[in-house]
Amino acid sequence: MRKLALGVSIAAMLAAGAAQAEDPAATEFRENFLAGDLEWSAVTERAQSEGTVNLYYWGGSDPLNVWMDSVVAPAMLELGVTLNPVRITGTKDAVDLVLAELGSGKMVGEGSVDAIWLNGENFSTLKKQDALFGAFAPLLPNATNIEWDESDPRSLLNLRDFGVLTDGAEVPWSGEQYVCAVNTDRVSADEVPHTFEEMRSYLEANPGKFIYVKPPHYLGNTFVQEAIYAHNPDGTGAEPFQQSLDELGAAELARLITPGLDYLKNLEPLLLGGDSGTPRYPEDPNALDGLFLNGEVNFNCKFGLYAVSTGLSQGTYPEGAQEFVFPEGNMIKNKNYLAIPANAPNPAAALVLADYMTTVEAQISKLEFTGMPAGIDPWLLSEEDAAALAAASPGHTGVDASELDANIAPDTNATLVDVIEATWLEYIERDSTDSIETIVTRAAENLNQ
Amino acid sequence: MARKFSNTALNNQLSGFQKVYLILIVGFILGPFLPLIIQSLAFRWAWPDLLPGTWWMEQREVSRMPLAWDYVLSPYSRILEATINTVVIGSIVTVICLAICLPAARVLARESFRGKSGFEFFLSLPLIVPEAAIGIALLMIFIRMGIAGSYLGIIIAHLIPTIPYMIRMLTAVYQGLGKDFEEQAMILGASRWQVLRLVTLPMLLPGVVAGALFTFLVSTNIFLLTFFLGQGKIITLPTLLFSKISGGTLDASAAGITLIVTLPGVILLIISERFIKEEAFGKGFGN
C-alpha cells in the first residue's frame with residue numbers, strides 16, 4: 001500500500017510539470033491494432049523491427065527464471081524478438097515505474113515496461129490510472145485458446161480479475177487455486193481439518209501449529225476471504241462478494257464479514273506464537289515455506305495447485321507434504337495475467353510475446369518447468385493438445401484434481417479486497433476496540449478519497 | 001625482519017583474555033559463513049537436523065532443474081552479469097570520485113575561506129539524508145533526463161554517498177602531508193606538474209589507495225540507490241541478492257549467491273591488505 005501511494009504521488013508530482021510527448025508511429029500502430037485494422041503479419045513485422053521486449057515479472061522463483069531464460073527467450077528469438085526478462089521483487093515496482101513514466105509524459109513507444117505479469121490490485125491500479133495499452137487480448141491469434149463467451153460461466157475467470165472487468169487489457173497466463181498442504185508426518189489422516197471449525201478443534205489440541213501469511217500480502221488476504229465466505233451469515237458463500245463496494249454498501253459488507261473476522265480474531269491465541277500474545281504472521285510465501293519445512297507449523301496455505309510437487313522437487317517442502325481440501329467449498333480459484341502498459345516502448349513485440357505465452361506449447365512447458373497451471377482453457381483445445389496439457393501436469397499428492405475442482409470459489413471484488421484488508425489490519429492486527437461496522441465505514445471513506 | 005620480530009613479540013604478549021577475545025572476534029566474522037556454506041550444498045535442511053537431511057549432490061541427477069551451485073553457476077542466475085556490472089560500476093565510480101575529491105581535499109586541507117566549516121558540514125549531508133529520499137528524488141529527475149535505468153544514472157547516484165567518505169579521508173591525508181615537501185621541490189626548480197607527479201602523488205598514494213578501496217567497497221554494496229535507479233534493468237550483486245533473499249528464507253541457491261557476493265570485497269581486501277597495512281595506516285593519516 002505504501003509503495004502504491006508512493007508511485008501514485010510520484011506520478012502526480014511528475015504530471016504537474018511534464019510536457020506530453022508522443023511517438024507518432026507507435027501511437028498510430030496502437031490505434032490501428034486496437035481498431036482491428038492490422039493483419040497479424042504487420043504486427044510481427046513491426047515487432048521484428050522493434051527487436052526487443054521487456055517483460056517485468058516476479059523473479060523469486062528459480063524454476064520460473066530457468067524457464068524464461070531457457071524456453072521463452074529462444075522461442076522469442078525465433079520470432080525475431082529478443083526477450084529481456086526483468087526480474088523484480090514485487091509487481092508493484094513495475095506498476096509504480098509505469099505510472100511514474102506516464103506521469104513524466106512518456107507515452108506509447110517511450111516507456112520501459114512492455115509487459116507485466118500481474119493480477120488483482122495491480123491490474124486494478126493500472127486500469128484506474130488509465131495506464132493500459134487497450135483491449136488487445138481478444139485480437140491475438142491464440143485468443144481462440146481462451147473462453148471469451150460470456151454465456152459460458154467458465155469465462156468468468158477470463159473476463160473478471162478480482163471482480164474487475166479485464167476488458168481484454170490483460171491476457172490470462174496462468175490459473176491458480178488456493179490450496180493448503182499438510183505435513184502428513186506430523187498430522188494423521190483423521191486429524192486433517194476440512195472446515196474452519198475442524199481447524200479450530202485441531203488447534204485447540206495442537207496449539208500454534210497453523211499460521212497464514214499476513215495481510216496485506218495477497219496470500220493473506222485470500223485466506224481471510226475464504227474465512228469470510230465460510231462464515232457468511234446468509235450462507236451464500238462468495239456470492240455477495242462479487243459486487244463492488246458501491247453496489248454492496250459499507251453497512252452490508254460489515255454485516256457479512258463480521259462472523260468471519262470474529263472467527264479469525266478468536267483463533268489468534270491458537271496460531272503460531274499466539275500463546276505469547278502476538279501471532280508470528282509470515283510476511284510472504286517463502287517465509288511460510290520455511291516455517292512449514294521446519295515443522296513449526298503443520299499446514300501451508302497458498303496459491304499453488306501444484307505447490308506440493310514443486311516444493312518437493314526443490315527441497316522447500318517437507319517429505320510428508322500432501323494437498324488436502326480446505327476449506328470445503330471455498331477454495332478460491334483465479335487466474336493471473338500478462339498486461340501491456342499504455343507506454344510500452346515496444347508494443348508490437350509485447351503483443352507477439354503475449355501471443356506466444358498463450359500457445360499450447362508455451363503453456364505445456366511452463367507447467368512442466370514451474371508447476372504453474374495452464375491459463376488457457378483446455379475445453380477449447382484440440383483433443384490432442386488438451387491431452388498433452390493434462391499429461392504435463394505434475395499431479396497431486398493426497399487428493400485428486402476432481403476433489404479440488406469440486407470445492408472452488410471465485411475471488412473477492414477488488415474494491416472489497418482493500419476494505420477487508422484494512423479492516424483485518426485494524427480489527428485483528430491493531431486490536432481496535434471499534435465495531436467492525438465503524439472500521440469498515442471508515443476504511444470505505446478513506447479509499448474513496 | 002623487524003616486522004616479523006614485532007609480530008611474534010605481539011603474539012607472545014597476548015594474555016589469556018586477549019586470546020579469547022581474538023577467537024571470539026574471528027568467530028563472529030567467520031561464524032556466519034559456516035551455515036552459509038552448508039546451506040549452499042543442501043537440498044533439504046529442516047529443523048531440528050544439525051546437517052541437511054538431503055544433500056544437493058543426492059538430488060542433482062534426479063531433478064530436471066539446476067539446483068544449488070548448478071543454478072548459481074548457470075547463466076540463469078545472472079551472477080556473471082551482476083558481478084561484471086558491480087565491478088565496472090565500482091571502478092568507474094572510484095575513478096570519478098578520486099578526480100572530484102583530490103582537488104577538493106587539497107583546498108579543504110590547506111586553504112581557509114569564509115564558511116569553510118559550514119561547507120564541510122554541507123559535504124557530509126548525503127550521509128545524513130536517508131538513501132530512500134535521495135533515491136526517489138533522483139529517480140524523478142533522472143526519468144525526465146532520460147538516464148533512469150542507465151549506467152550513467154547509477155554511477156552518478158553512487159557518487160553521492162561515496163564522495164563524502166572520500167573527501168574526508170583525502171583531506172586528512174593532505175593535512176598530514178604538509179606543504180614543506182612540495183615547497184622544497186619547487187625551490188629546487190621543479191615545475192608544478194613535476195611536483196604533482198614526483199612528490200605529491202607518491203606521498204598521497206597510500207591514502208588514495210585506502211580511499212579508493214573504501215569507495216569501491218561502498219559502491220559495490222549500495223542496494224537502494226542501485227535498485228531505484230537501475231529500475232531492475234541493471235542488476236548488481238546487491239540487487240541480485242536482495243531479489244533472492246527478500247522472502248526471508250535462504251535456500252541453497254540464495255546461500256551460494258550470498259557467498260559469491262562477498263568475493264569481490266574479499267579479493268580486494270587480500271590484494272590490498274599488505275599495501276594498506278604497511279603504507280596507508282603506517283604513514284598515511286597524519287603520521
# chains A, B, ... in the order shown; residues from 1 in each chain; ligands from 1
>>> interface_residues(of="chain A", to="chain B", cutoff="6 Å", atoms="only C-alpha atoms", output="list in words")
Val66, Thr89, Asn286, Ala287, Leu293, Asn294 and Gly315 of chain A
>>> residues_around(residues="Leu270 (chain A)", least_positions_apart="6", cutoff="6 Å", atoms="only C-alpha atoms", output="number ranges by chain")
A: 203, 207-208
>>> write_last_selection(atoms="C-alpha atoms", output="short mmCIF file (atom, residue, chain, number, x, y, z; two decimals), in the first residue's frame")
data_model
loop_
_atom_site.label_atom_id
_atom_site.label_comp_id
_atom_site.auth_asym_id
_atom_site.auth_seq_id
_atom_site.Cartn_x
_atom_site.Cartn_y
_atom_site.Cartn_z
CA LEU A 203 -5.53 -26.17 17.02
CA PRO A 207 -1.90 -25.02 19.62
CA GLY A 208 0.48 -22.97 17.49
#
>>> select_by_dssp(residues="region 4-249 of chain B", states="helix (DSSP H, G or I)", output="PDB file with C-alpha atoms, in the first residue's frame")
ATOM      1  CA  LYS B   4      58.465 -10.279  11.840  1.00  0.00           C
ATOM      2  CA  PHE B   5      60.031  -9.796  15.182  1.00  0.00           C
ATOM      3  CA  SER B   6      57.477  -7.309  16.370  1.00  0.00           C
ATOM      4  CA  ASN B   7      54.686  -9.665  15.248  1.00  0.00           C
ATOM      5  CA  THR B   8      55.958 -12.571  17.294  1.00  0.00           C
ATOM      6  CA  ALA B   9      56.580 -10.262  20.171  1.00  0.00           C
ATOM      7  CA  LEU B  10      52.964  -9.148  19.932  1.00  0.00           C
ATOM      8  CA  ASN B  11      51.724 -12.735  19.939  1.00  0.00           C
ATOM      9  CA  ASN B  12      53.762 -13.612  22.961  1.00  0.00           C
ATOM     10  CA  GLN B  13      52.351 -10.663  24.798  1.00  0.00           C
ATOM     11  CA  GLY B  16      44.550 -15.280  28.071  1.00  0.00           C
ATOM     12  CA  PHE B  17      41.736 -12.743  27.925  1.00  0.00           C
ATOM     13  CA  GLN B  18      43.145 -11.245  24.727  1.00  0.00           C
ATOM     14  CA  LYS B  19      43.349 -14.662  23.083  1.00  0.00           C
ATOM     15  CA  VAL B  20      39.732 -15.450  23.951  1.00  0.00           C
ATOM     16  CA  TYR B  21      38.743 -12.013  22.689  1.00  0.00           C
ATOM     17  CA  LEU B  22      40.603 -12.602  19.420  1.00  0.00           C
ATOM     18  CA  ILE B  23      38.988 -16.004  18.936  1.00  0.00           C
ATOM     19  CA  LEU B  24      35.563 -14.510  19.614  1.00  0.00           C
ATOM     20  CA  ILE B  25      36.101 -11.791  17.017  1.00  0.00           C
ATOM     21  CA  VAL B  26      37.307 -14.299  14.435  1.00  0.00           C
ATOM     22  CA  GLY B  27      34.316 -16.466  15.338  1.00  0.00           C
ATOM     23  CA  PHE B  28      31.882 -13.587  14.854  1.00  0.00           C
ATOM     24  CA  ILE B  29      33.379 -12.734  11.479  1.00  0.00           C
ATOM     25  CA  LEU B  30      33.795 -16.247  10.100  1.00  0.00           C
ATOM     26  CA  PHE B  33      29.958 -18.343   6.714  1.00  0.00           C
ATOM     27  CA  LEU B  34      29.783 -21.892   8.052  1.00  0.00           C
ATOM     28  CA  PRO B  35      25.991 -22.401   7.906  1.00  0.00           C
ATOM     29  CA  LEU B  36      26.017 -20.456   4.632  1.00  0.00           C
ATOM     30  CA  ILE B  37      28.447 -22.914   3.072  1.00  0.00           C
ATOM     31  CA  ILE B  38      26.481 -25.904   4.372  1.00  0.00           C
ATOM     32  CA  GLN B  39      23.194 -24.403   3.182  1.00  0.00           C
ATOM     33  CA  SER B  40      24.638 -23.820  -0.274  1.00  0.00           C
ATOM     34  CA  TRP B  56      22.315 -31.299  -3.231  1.00  0.00           C
ATOM     35  CA  MET B  57      24.567 -33.979  -4.759  1.00  0.00           C
ATOM     36  CA  GLU B  58      21.991 -36.686  -3.971  1.00  0.00           C
ATOM     37  CA  GLN B  59      19.284 -34.832  -5.905  1.00  0.00           C
ATOM     38  CA  ALA B  68      22.073 -25.080  -5.655  1.00  0.00           C
ATOM     39  CA  TRP B  69      25.516 -24.395  -7.180  1.00  0.00           C
ATOM     40  CA  ASP B  70      24.350 -25.689 -10.556  1.00  0.00           C
ATOM     41  CA  TYR B  71      21.834 -22.843 -10.554  1.00  0.00           C
ATOM     42  CA  VAL B  72      24.225 -20.274  -9.113  1.00  0.00           C
ATOM     43  CA  PRO B  75      23.566 -18.350 -16.799  1.00  0.00           C
ATOM     44  CA  TYR B  76      20.044 -18.459 -15.284  1.00  0.00           C
ATOM     45  CA  SER B  77      21.243 -16.979 -12.007  1.00  0.00           C
ATOM     46  CA  ILE B  79      25.607 -13.962 -11.353  1.00  0.00           C
ATOM     47  CA  LEU B  80      28.239 -13.237 -14.010  1.00  0.00           C
ATOM     48  CA  GLU B  81      26.354 -10.253 -15.405  1.00  0.00           C
ATOM     49  CA  ALA B  82      25.825  -8.920 -11.877  1.00  0.00           C
ATOM     50  CA  THR B  83      29.476  -9.378 -10.936  1.00  0.00           C
ATOM     51  CA  ILE B  84      30.718  -7.604 -14.057  1.00  0.00           C
ATOM     52  CA  ASN B  85      28.241  -4.755 -13.537  1.00  0.00           C
ATOM     53  CA  THR B  86      29.249  -4.408  -9.896  1.00  0.00           C
ATOM     54  CA  VAL B  87      32.973  -4.318 -10.624  1.00  0.00           C
ATOM     55  CA  VAL B  88      32.675  -1.988 -13.626  1.00  0.00           C
ATOM     56  CA  ILE B  89      30.362   0.461 -11.851  1.00  0.00           C
ATOM     57  CA  GLY B  90      32.529   0.341  -8.706  1.00  0.00           C
ATOM     58  CA  SER B  91      35.714   1.045 -10.673  1.00  0.00           C
ATOM     59  CA  ILE B  92      34.276   3.940 -12.659  1.00  0.00           C
ATOM     60  CA  VAL B  93      32.728   5.443  -9.536  1.00  0.00           C
ATOM     61  CA  THR B  94      36.087   5.191  -7.767  1.00  0.00           C
ATOM     62  CA  VAL B  95      37.974   6.924 -10.584  1.00  0.00           C
ATOM     63  CA  ILE B  96      35.450   9.763 -10.928  1.00  0.00           C
ATOM     64  CA  CYS B  97      35.242  10.104  -7.163  1.00  0.00           C
ATOM     65  CA  LEU B  98      39.029  10.482  -6.951  1.00  0.00           C
ATOM     66  CA  ALA B  99      39.066  13.072  -9.728  1.00  0.00           C
ATOM     67  CA  ILE B 100      36.464  15.107  -7.880  1.00  0.00           C
ATOM     68  CA  CYS B 101      37.832  14.652  -4.378  1.00  0.00           C
ATOM     69  CA  LEU B 102      41.579  15.131  -4.828  1.00  0.00           C
ATOM     70  CA  PRO B 103      41.443  18.847  -5.728  1.00  0.00           C
ATOM     71  CA  ALA B 104      38.604  19.420  -3.272  1.00  0.00           C
ATOM     72  CA  ALA B 105      40.501  17.782  -0.434  1.00  0.00           C
ATOM     73  CA  ARG B 106      43.576  19.829  -1.224  1.00  0.00           C
ATOM     74  CA  VAL B 107      41.649  23.072  -0.896  1.00  0.00           C
ATOM     75  CA  LEU B 108      39.868  21.938   2.249  1.00  0.00           C
ATOM     76  CA  ALA B 109      43.106  20.854   3.892  1.00  0.00           C
ATOM     77  CA  ARG B 110      45.240  23.818   3.013  1.00  0.00           C
ATOM     78  CA  LYS B 116      34.619  26.577   5.346  1.00  0.00           C
ATOM     79  CA  SER B 117      33.280  24.672   8.337  1.00  0.00           C
ATOM     80  CA  GLY B 118      29.744  25.129   7.057  1.00  0.00           C
ATOM     81  CA  PHE B 119      30.861  23.847   3.679  1.00  0.00           C
ATOM     82  CA  GLU B 120      32.449  20.783   5.256  1.00  0.00           C
ATOM     83  CA  PHE B 121      29.219  20.035   7.060  1.00  0.00           C
ATOM     84  CA  PHE B 122      27.340  20.502   3.797  1.00  0.00           C
ATOM     85  CA  LEU B 123      29.604  17.901   2.180  1.00  0.00           C
ATOM     86  CA  SER B 124      28.621  15.260   4.708  1.00  0.00           C
ATOM     87  CA  LEU B 125      24.895  15.879   4.303  1.00  0.00           C
ATOM     88  CA  PRO B 126      24.426  12.979   1.860  1.00  0.00           C
ATOM     89  CA  LEU B 127      25.434  10.670   4.707  1.00  0.00           C
ATOM     90  CA  ILE B 128      22.680  12.080   6.925  1.00  0.00           C
ATOM     91  CA  GLU B 131      19.083   6.987   0.918  1.00  0.00           C
ATOM     92  CA  ALA B 132      15.426   6.376   0.085  1.00  0.00           C
ATOM     93  CA  ALA B 133      14.747  10.116  -0.031  1.00  0.00           C
ATOM     94  CA  ILE B 134      17.731  10.709  -2.300  1.00  0.00           C
ATOM     95  CA  GLY B 135      16.722   7.769  -4.468  1.00  0.00           C
ATOM     96  CA  ILE B 136      13.140   8.881  -5.063  1.00  0.00           C
ATOM     97  CA  ALA B 137      14.141  12.471  -5.821  1.00  0.00           C
ATOM     98  CA  LEU B 138      16.906  11.351  -8.181  1.00  0.00           C
ATOM     99  CA  LEU B 139      14.582   8.898  -9.908  1.00  0.00           C
ATOM    100  CA  MET B 140      12.153  11.681 -10.754  1.00  0.00           C
ATOM    101  CA  ILE B 141      14.910  13.888 -12.098  1.00  0.00           C
ATOM    102  CA  PHE B 142      16.606  11.067 -13.991  1.00  0.00           C
ATOM    103  CA  ILE B 143      13.392   9.904 -15.619  1.00  0.00           C
ATOM    104  CA  ARG B 144      12.948  13.366 -17.090  1.00  0.00           C
ATOM    105  CA  MET B 145      16.563  13.478 -18.178  1.00  0.00           C
ATOM    106  CA  TYR B 151      24.790   3.007 -16.178  1.00  0.00           C
ATOM    107  CA  LEU B 152      25.292   6.759 -16.197  1.00  0.00           C
ATOM    108  CA  GLY B 153      22.392   7.246 -13.789  1.00  0.00           C
ATOM    109  CA  ILE B 154      23.658   4.595 -11.384  1.00  0.00           C
ATOM    110  CA  ILE B 155      27.205   5.950 -11.443  1.00  0.00           C
ATOM    111  CA  ILE B 156      26.005   9.481 -10.662  1.00  0.00           C
ATOM    112  CA  ALA B 157      23.855   8.120  -7.856  1.00  0.00           C
ATOM    113  CA  HIS B 158      26.754   6.125  -6.403  1.00  0.00           C
ATOM    114  CA  LEU B 159      28.889   9.257  -6.290  1.00  0.00           C
ATOM    115  CA  ILE B 160      26.528  10.842  -3.789  1.00  0.00           C
ATOM    116  CA  PRO B 161      27.228   8.596  -0.795  1.00  0.00           C
ATOM    117  CA  THR B 162      30.874   7.934  -1.746  1.00  0.00           C
ATOM    118  CA  ILE B 163      32.140  11.496  -2.189  1.00  0.00           C
ATOM    119  CA  PRO B 164      31.709  12.475   1.492  1.00  0.00           C
ATOM    120  CA  TYR B 165      33.806   9.492   2.640  1.00  0.00           C
ATOM    121  CA  MET B 166      36.498  10.061   0.058  1.00  0.00           C
ATOM    122  CA  ILE B 167      36.775  13.803   0.775  1.00  0.00           C
ATOM    123  CA  ARG B 168      37.122  13.169   4.493  1.00  0.00           C
ATOM    124  CA  MET B 169      39.842  10.585   4.008  1.00  0.00           C
ATOM    125  CA  LEU B 170      41.802  12.633   1.458  1.00  0.00           C
ATOM    126  CA  THR B 171      41.513  15.836   3.492  1.00  0.00           C
ATOM    127  CA  ALA B 172      43.067  14.045   6.436  1.00  0.00           C
ATOM    128  CA  VAL B 173      45.851  12.725   4.205  1.00  0.00           C
ATOM    129  CA  TYR B 174      46.548  16.175   2.760  1.00  0.00           C
ATOM    130  CA  GLN B 175      46.582  17.687   6.209  1.00  0.00           C
ATOM    131  CA  GLY B 176      49.192  15.174   7.279  1.00  0.00           C
ATOM    132  CA  LEU B 177      51.299  15.806   4.209  1.00  0.00           C
ATOM    133  CA  ASP B 180      57.031  21.524   3.057  1.00  0.00           C
ATOM    134  CA  PHE B 181      58.000  18.796   0.603  1.00  0.00           C
ATOM    135  CA  GLU B 182      56.239  20.479  -2.290  1.00  0.00           C
ATOM    136  CA  GLU B 183      57.827  23.843  -1.485  1.00  0.00           C
ATOM    137  CA  GLN B 184      61.200  22.177  -1.241  1.00  0.00           C
ATOM    138  CA  ALA B 185      60.780  20.653  -4.691  1.00  0.00           C
ATOM    139  CA  MET B 186      59.726  23.984  -6.149  1.00  0.00           C
ATOM    140  CA  ILE B 187      62.726  25.719  -4.626  1.00  0.00           C
ATOM    141  CA  ARG B 192      54.075  22.294 -10.931  1.00  0.00           C
ATOM    142  CA  TRP B 193      53.481  19.134 -12.959  1.00  0.00           C
ATOM    143  CA  GLN B 194      56.713  17.591 -11.721  1.00  0.00           C
ATOM    144  CA  VAL B 195      55.771  18.435  -8.148  1.00  0.00           C
ATOM    145  CA  LEU B 196      52.409  16.775  -8.535  1.00  0.00           C
ATOM    146  CA  ARG B 197      53.782  13.716 -10.326  1.00  0.00           C
ATOM    147  CA  LEU B 198      57.009  13.142  -8.409  1.00  0.00           C
ATOM    148  CA  VAL B 199      56.281  14.474  -4.937  1.00  0.00           C
ATOM    149  CA  THR B 200      52.617  14.958  -4.067  1.00  0.00           C
ATOM    150  CA  LEU B 201      51.058  11.876  -5.635  1.00  0.00           C
ATOM    151  CA  PRO B 202      53.640   9.341  -4.395  1.00  0.00           C
ATOM    152  CA  MET B 203      53.273  10.708  -0.888  1.00  0.00           C
ATOM    153  CA  LEU B 204      49.480  10.707  -1.145  1.00  0.00           C
ATOM    154  CA  LEU B 205      49.327   7.267  -2.716  1.00  0.00           C
ATOM    155  CA  PRO B 206      48.703   5.203   0.426  1.00  0.00           C
ATOM    156  CA  GLY B 207      45.832   7.461   1.415  1.00  0.00           C
ATOM    157  CA  VAL B 208      44.486   7.468  -2.124  1.00  0.00           C
ATOM    158  CA  VAL B 209      44.558   3.668  -2.242  1.00  0.00           C
ATOM    159  CA  ALA B 210      42.795   3.427   1.102  1.00  0.00           C
ATOM    160  CA  GLY B 211      40.152   5.913  -0.057  1.00  0.00           C
ATOM    161  CA  ALA B 212      39.732   4.169  -3.401  1.00  0.00           C
ATOM    162  CA  LEU B 213      39.348   0.786  -1.743  1.00  0.00           C
ATOM    163  CA  PHE B 214      36.743   2.181   0.608  1.00  0.00           C
ATOM    164  CA  THR B 215      34.858   3.913  -2.194  1.00  0.00           C
ATOM    165  CA  PHE B 216      34.869   0.747  -4.263  1.00  0.00           C
ATOM    166  CA  LEU B 217      33.537  -1.319  -1.360  1.00  0.00           C
ATOM    167  CA  VAL B 218      30.822   1.236  -0.580  1.00  0.00           C
ATOM    168  CA  SER B 219      29.788   1.355  -4.228  1.00  0.00           C
ATOM    169  CA  THR B 220      29.618  -2.432  -4.547  1.00  0.00           C
ATOM    170  CA  ASN B 221      27.345  -2.587  -1.511  1.00  0.00           C
ATOM    171  CA  LEU B 224      18.707   1.001  -2.557  1.00  0.00           C
ATOM    172  CA  LEU B 225      20.020   3.613  -4.990  1.00  0.00           C
ATOM    173  CA  THR B 226      21.006   0.937  -7.494  1.00  0.00           C
ATOM    174  CA  PHE B 227      17.591  -0.663  -7.152  1.00  0.00           C
ATOM    175  CA  PHE B 228      15.690   2.594  -7.679  1.00  0.00           C
ATOM    176  CA  LEU B 229      17.785   3.980 -10.497  1.00  0.00           C
ATOM    177  CA  GLY B 230      18.629   0.718 -12.234  1.00  0.00           C
ATOM    178  CA  LEU B 237      25.370  -8.250  -6.811  1.00  0.00           C
ATOM    179  CA  PRO B 238      23.388  -6.475  -4.040  1.00  0.00           C
ATOM    180  CA  THR B 239      20.194  -6.205  -6.115  1.00  0.00           C
ATOM    181  CA  LEU B 240      20.535  -9.813  -7.253  1.00  0.00           C
ATOM    182  CA  LEU B 241      20.991 -10.952  -3.671  1.00  0.00           C
ATOM    183  CA  PHE B 242      18.053  -8.895  -2.446  1.00  0.00           C
ATOM    184  CA  SER B 243      15.726 -10.383  -5.020  1.00  0.00           C
ATOM    185  CA  LYS B 244      16.804 -13.860  -3.876  1.00  0.00           C
ATOM    186  CA  ILE B 245      16.520 -13.402  -0.127  1.00  0.00           C
TER     187      ILE B 245
END
>>> residues_around(residues="Asn407 (chain A)", least_positions_apart="6", cutoff="9 Å", atoms="only C-alpha atoms", output="number ranges by chain")
A: 325-332
>>> write_last_selection(atoms="N, CA and C atoms", output="PDB file, in the first residue's frame")
ATOM      1  N   VAL A 325      -8.219 -30.881   1.001  1.00  0.00           N
ATOM      2  CA  VAL A 325      -9.308 -29.957   0.708  1.00  0.00           C
ATOM      3  C   VAL A 325      -9.583 -29.117   1.947  1.00  0.00           C
ATOM      4  N   PHE A 326      -9.365 -27.826   1.835  1.00  0.00           N
ATOM      5  CA  PHE A 326      -9.654 -26.907   2.936  1.00  0.00           C
ATOM      6  C   PHE A 326      -9.743 -25.504   2.383  1.00  0.00           C
ATOM      7  N   PRO A 327     -10.718 -24.709   2.737  1.00  0.00           N
ATOM      8  CA  PRO A 327     -11.958 -25.123   3.385  1.00  0.00           C
ATOM      9  C   PRO A 327     -12.950 -25.653   2.352  1.00  0.00           C
ATOM     10  N   GLU A 328     -13.732 -26.639   2.727  1.00  0.00           N
ATOM     11  CA  GLU A 328     -14.666 -27.277   1.788  1.00  0.00           C
ATOM     12  C   GLU A 328     -15.543 -26.243   1.097  1.00  0.00           C
ATOM     13  N   GLY A 329     -15.564 -26.286  -0.224  1.00  0.00           N
ATOM     14  CA  GLY A 329     -16.458 -25.418  -0.997  1.00  0.00           C
ATOM     15  C   GLY A 329     -15.984 -23.984  -1.141  1.00  0.00           C
ATOM     16  N   ASN A 330     -14.903 -23.625  -0.488  1.00  0.00           N
ATOM     17  CA  ASN A 330     -14.471 -22.230  -0.534  1.00  0.00           C
ATOM     18  C   ASN A 330     -12.999 -22.069  -0.887  1.00  0.00           C
ATOM     19  N   MET A 331     -12.495 -22.939  -1.764  1.00  0.00           N
ATOM     20  CA  MET A 331     -11.106 -22.798  -2.191  1.00  0.00           C
ATOM     21  C   MET A 331     -11.071 -21.838  -3.374  1.00  0.00           C
ATOM     22  N   ILE A 332     -10.490 -20.665  -3.136  1.00  0.00           N
ATOM     23  CA  ILE A 332     -10.547 -19.610  -4.148  1.00  0.00           C
ATOM     24  C   ILE A 332      -9.691 -19.968  -5.360  1.00  0.00           C
TER      25      ILE A 332
END
>>> atom_distance(atom1="CA of Ile267 (chain B)", atom2="CA of Gly31 (chain B)")
18.9 Å
>>> atom_distance(atom1="CA of Ile257 (chain A)", atom2="CA of Lys333 (chain A)")
19.7 Å
>>> residues_around(residues="Ala73 (chain A)", least_positions_apart="2", cutoff="12 Å", atoms="only C-alpha atoms", output="count of residues only")
27
>>> residues_around(residues="Ala42 (chain A)", least_positions_apart="4", cutoff="12 Å", atoms="only C-alpha atoms", output="PyMOL selection string")
chain A and resi 29+32-33+36-38+46-49+348-349+351-352
>>> residues_around(residues="Arg186 (chain A)", least_positions_apart="5", cutoff="12 Å", atoms="only C-alpha atoms", output="JSON, numbers by chain")
{"A": [191, 192, 206, 209, 292, 293, 294, 295, 296, 297, 298, 299, 318, 319, 320, 321, 322]}
>>> write_last_selection(atoms="C-alpha atoms", output="PDB file, in the first residue's frame")
ATOM      1  CA  GLU A 191      -6.929 -35.281  12.178  1.00  0.00           C
ATOM      2  CA  VAL A 192      -6.680 -33.295   8.916  1.00  0.00           C
ATOM      3  CA  ASN A 206      -2.262 -28.734  18.949  1.00  0.00           C
ATOM      4  CA  LYS A 209       0.629 -25.407  14.585  1.00  0.00           C
ATOM      5  CA  PHE A 292       6.371 -25.464   7.155  1.00  0.00           C
ATOM      6  CA  LEU A 293       9.679 -27.123   6.258  1.00  0.00           C
ATOM      7  CA  ASN A 294      10.975 -26.715   9.798  1.00  0.00           C
ATOM      8  CA  GLY A 295       7.825 -28.206  11.314  1.00  0.00           C
ATOM      9  CA  GLU A 296       6.928 -25.035  13.205  1.00  0.00           C
ATOM     10  CA  VAL A 297       3.544 -25.256  11.534  1.00  0.00           C
ATOM     11  CA  ASN A 298       1.864 -28.336  10.071  1.00  0.00           C
ATOM     12  CA  PHE A 299      -0.034 -26.606   7.257  1.00  0.00           C
ATOM     13  CA  PRO A 318       8.989 -31.472   3.980  1.00  0.00           C
ATOM     14  CA  GLU A 319       8.870 -35.023   2.633  1.00  0.00           C
ATOM     15  CA  GLY A 320       5.448 -35.728   4.160  1.00  0.00           C
ATOM     16  CA  ALA A 321       3.716 -32.821   2.381  1.00  0.00           C
ATOM     17  CA  GLN A 322       0.329 -33.553   0.775  1.00  0.00           C
TER      18      GLN A 322
END
>>> atom_distance(atom1="CA of Gly375 (chain A)", atom2="CA of Leu312 (chain A)")
23.1 Å
>>> select_by_dssp(residues="region 124-196 of chain A", states="strand (DSSP E or B)", output="PyMOL selection string")
chain A and resi 132+160-161+164-165+170-183
>>> write_last_selection(atoms="C-alpha atoms", output="PDB file, in the first residue's frame")
ATOM      1  CA  LEU A 132      -3.129   0.138 -20.050  1.00  0.00           C
ATOM      2  CA  ARG A 160     -13.037 -10.594 -14.431  1.00  0.00           C
ATOM      3  CA  ASP A 161      -9.857 -10.235 -12.383  1.00  0.00           C
ATOM      4  CA  VAL A 164     -12.668  -6.025 -12.049  1.00  0.00           C
ATOM      5  CA  LEU A 165     -13.600  -6.318 -15.729  1.00  0.00           C
ATOM      6  CA  GLU A 170      -4.695  -8.373 -19.995  1.00  0.00           C
ATOM      7  CA  VAL A 171      -4.453 -11.910 -21.291  1.00  0.00           C
ATOM      8  CA  PRO A 172      -4.786 -14.940 -18.965  1.00  0.00           C
ATOM      9  CA  TRP A 173      -1.440 -16.583 -18.436  1.00  0.00           C
ATOM     10  CA  SER A 174      -1.819 -18.964 -15.505  1.00  0.00           C
ATOM     11  CA  GLY A 175      -4.650 -20.389 -13.486  1.00  0.00           C
ATOM     12  CA  GLU A 176      -4.305 -20.798  -9.758  1.00  0.00           C
ATOM     13  CA  GLN A 177      -6.161 -22.262  -6.851  1.00  0.00           C
ATOM     14  CA  TYR A 178      -5.667 -21.564  -3.164  1.00  0.00           C
ATOM     15  CA  VAL A 179      -4.652 -24.963  -1.842  1.00  0.00           C
ATOM     16  CA  CYS A 180      -3.434 -25.985   1.590  1.00  0.00           C
ATOM     17  CA  ALA A 181      -0.740 -28.579   2.163  1.00  0.00           C
ATOM     18  CA  VAL A 182      -0.387 -30.700   5.287  1.00  0.00           C
ATOM     19  CA  ASN A 183       2.696 -32.416   6.654  1.00  0.00           C
TER      20      ASN A 183
END
